[in-house]
Amino acid sequence: MGVLRRLMVVFVSLFVILGAAVPSPAEAATSSQIVEAQRILTKFAIPTGPIDGIWGAQTAQGMCTFRQLAGLSATRGGITSSDLTTLRNYNSWYSGQWSIPAPARNGRSTYLLANETCQTMVYVRGGAYVKVLRISTGRAGYGTPNGNYWLGATYPGWSCSTAFPEGCYYHSAGANAWYTTKNVKYSKYGNMYNKRSFSGAYMLHGSGSVPTYPASHGCIRVSVANSDWLYRNISNSSGSLYFSVIGQY
């Protein structure tokens, strides 16, 4: 055994003894390969952060979502050679997100699907992917329940949670953030924007804070801008849209 090889064995042994993580596939991927993946994800309107060749939480989120759309196991793990092949194939086969066929869900071709593993949500309409939205689900101790539901009606604007009022304040963000009384505009008070129930007190709602990891008290957060998009583009009436929550972070 050569000196270099012996040094490598010692180095790996130290990693194991110290409990260090084995390098992930993302760390094995080159910067140019990560850039290529980020460009393809961006083409398909999958949020991935800046195209910078750096593997980070947003790119992990994007790759997880792509695997879901491609019918693969949805994980936040690093980019593999198999992933690159699939990305390149999809780049060749499809012109955009909308052209990727989406599977029916329990016999329905129109639905919202929140994936807690990826921390993203997809809107499918008529068997086609329409939009990917970043989400933040329930943190440890406040888990968001998996299941199949019908969304409740939308309550436009900001509402204050009775269970967690400490996060409430006056807002100006959002198309529905203002109300008018006697020709005077007032900002609304709350911490949930355009809320919709899906299981008891669990809500899908807009928020000013949507990190790449679970951070809520069990609700599913989307950005204020995405909440406005949902308000404009899907039905706001109760029981009209099938909604599923799957996965685990």
# chains A, B, ... in the order shown; residues from 1 in each chain; ligands from 1
>>> closest_atom_pairs(of="segment 110-154 of chain A", to="segment 55-67 of chain A", cutoff="9 Å", atoms="only C-alpha atoms", output="JSON lines")
{"residue": "A:Asn115", "atom": "CA", "partner": "A:Thr65", "partner_atom": "CA", "distance": 8.4}
{"residue": "A:Thr117", "atom": "CA", "partner": "A:Cys64", "partner_atom": "CA", "distance": 7.7}
{"residue": "A:Cys118", "atom": "CA", "partner": "A:Gln61", "partner_atom": "CA", "distance": 5.3}
{"residue": "A:Gln119", "atom": "CA", "partner": "A:Gln61", "partner_atom": "CA", "distance": 6.8}
{"residue": "A:Thr120", "atom": "CA", "partner": "A:Thr65", "partner_atom": "CA", "distance": 6.9}
{"residue": "A:Met121", "atom": "CA", "partner": "A:Thr65", "partner_atom": "CA", "distance": 8.5}
{"residue": "A:Val122", "atom": "CA", "partner": "A:Thr65", "partner_atom": "CA", "distance": 8.7}
{"residue": "A:Val132", "atom": "CA", "partner": "A:Thr65", "partner_atom": "CA", "distance": 8.3}
{"residue": "A:Arg134", "atom": "CA", "partner": "A:Gln61", "partner_atom": "CA", "distance": 8.4}
>>> write_last_selection(atoms="C-alpha atoms", output="short mmCIF file (atom, residue, chain, number, x, y, z; two decimals), in the first residue's frame")
data_model
loop_
_atom_site.label_atom_id
_atom_site.label_comp_id
_atom_site.auth_asym_id
_atom_site.auth_seq_id
_atom_site.Cartn_x
_atom_site.Cartn_y
_atom_site.Cartn_z
CA ASN A 115 -44.85 17.59 -0.23
CA THR A 117 -40.10 16.24 2.12
CA CYS A 118 -39.44 18.86 -0.53
CA GLN A 119 -41.17 21.73 1.29
CA THR A 120 -42.90 22.62 -1.96
CA MET A 121 -46.43 22.40 -3.31
CA VAL A 122 -47.57 21.78 -6.89
CA VAL A 132 -44.61 25.03 -8.04
CA ARG A 134 -42.32 26.95 -1.89
#
>>> select_by_dssp(residues="segment 12-181 of chain A", states="strand (DSSP E or B)", output="NGL selection string")
:A and (101 or 105 or 108 or 111-115 or 120-125 or 128-134 or 136 or 138 or 147-150 or 155-159 or 169-171 or 178-181)
>>> closest_residue(among="A:Ser216, A:Gln248, A:Thr162, A:Ser235", to="Thr110 of chain A", atoms="only C-alpha atoms")
A:Ser235
>>> select_by_dssp(residues="segment 22-56 of chain A", states="alpha helix (DSSP H)", output="list in words")
Pro25, Ala26, Glu27, Ala28, Ser31, Ser32, Gln33, Ile34, Val35, Glu36, Ala37, Gln38, Arg39, Ile40, Leu41, Thr42 and Lys43 of chain A
>>> write_last_selection(atoms="C-alpha atoms", output="PDB file, in the first residue's frame")
ATOM      1  CA  PRO A  25     -23.568  13.198  -3.953  1.00  0.00           C
ATOM      2  CA  ALA A  26     -24.074  16.977  -4.113  1.00  0.00           C
ATOM      3  CA  GLU A  27     -20.525  17.505  -2.902  1.00  0.00           C
ATOM      4  CA  ALA A  28     -19.342  15.015  -5.529  1.00  0.00           C
ATOM      5  CA  SER A  31     -19.957  23.217  -9.969  1.00  0.00           C
ATOM      6  CA  SER A  32     -20.683  23.109 -13.712  1.00  0.00           C
ATOM      7  CA  GLN A  33     -23.039  20.140 -13.217  1.00  0.00           C
ATOM      8  CA  ILE A  34     -24.885  21.991 -10.463  1.00  0.00           C
ATOM      9  CA  VAL A  35     -25.165  25.038 -12.744  1.00  0.00           C
ATOM     10  CA  GLU A  36     -26.575  22.804 -15.503  1.00  0.00           C
ATOM     11  CA  ALA A  37     -29.121  21.346 -13.086  1.00  0.00           C
ATOM     12  CA  GLN A  38     -30.082  24.806 -11.807  1.00  0.00           C
ATOM     13  CA  ARG A  39     -30.615  26.070 -15.364  1.00  0.00           C
ATOM     14  CA  ILE A  40     -32.910  23.156 -16.206  1.00  0.00           C
ATOM     15  CA  LEU A  41     -34.842  23.540 -12.962  1.00  0.00           C
ATOM     16  CA  THR A  42     -35.285  27.253 -13.733  1.00  0.00           C
ATOM     17  CA  LYS A  43     -36.523  26.412 -17.240  1.00  0.00           C
TER      18      LYS A  43
END
>>> closest_residue(among="A:Tyr155, A:Phe44, A:Pro103, A:Asn191", to="Gly71 of chain A", atoms="only C-alpha atoms")
A:Pro103
>>> closest_residue(among="A:Thr212, A:Asn89, A:Thr137, A:Asn146", to="Pro47 of chain A", atoms="only C-alpha atoms")
A:Thr212
>>> closest_residue(among="A:Phe164, A:Tyr202, A:Trp158, A:Tyr90", to="Ser187 of chain A", atoms="only C-alpha atoms")
A:Trp158
>>> atom_distance(atom1="atom CA of Ser227 of chain A", atom2="atom CA of Tyr193 of chain A")
7.4 Å
>>> atom_distance(atom1="atom CA of Asn176 of chain A", atom2="atom CA of Tyr142 of chain A")
27.8 Å
>>> closest_residue(among="A:Ala140, A:Tyr179, A:Met192, A:Pro156", to="Tyr231 of chain A", atoms="only C-alpha atoms")
A:Pro156
>>> residues_around(residues="segment 166-168 of chain A", least_positions_apart="4", cutoff="8 Å", atoms="only C-alpha atoms", output="compact mmCIF listing (two decimals) with N, CA and C atoms, in the first residue's frame")
# COMPACT_ATOMS: atom_id res chain seq x y z
N CYS A 160 -55.71 37.00 12.44
CA CYS A 160 -54.84 36.74 13.59
C CYS A 160 -55.22 35.39 14.21
N SER A 161 -54.24 34.51 14.33
CA SER A 161 -54.46 33.21 14.95
C SER A 161 -54.82 33.38 16.42
N TYR A 189 -54.64 43.37 10.42
CA TYR A 189 -53.83 42.85 11.52
C TYR A 189 -53.89 41.32 11.51
N GLY A 190 -52.75 40.66 11.61
CA GLY A 190 -52.79 39.20 11.66
C GLY A 190 -51.45 38.56 11.40
N ASN A 191 -51.47 37.24 11.24
CA ASN A 191 -50.27 36.48 10.87
C ASN A 191 -50.58 35.39 9.84
>>> atom_distance(atom1="atom CA of Arg76 of chain A", atom2="atom CA of Gly206 of chain A")
23.9 Å
>>> residues_around(residues="Ile100 of chain A", least_positions_apart="3", cutoff="10 Å", atoms="only C-alpha atoms", output="NGL selection string")
:A and (44 or 69-70 or 90 or 93-97 or 103 or 127-130)
>>> residues_around(residues="Gly126 of chain A", least_positions_apart="3", cutoff="9 Å", atoms="only C-alpha atoms", output="PyMOL selection string")
chain A and resi 102+104+108-111+129
>>> closest_residue(among="A:Val184, A:Leu84, A:Leu133, A:Ile220", to="Ala201 of chain A", atoms="only C-alpha atoms")
A:Ile220
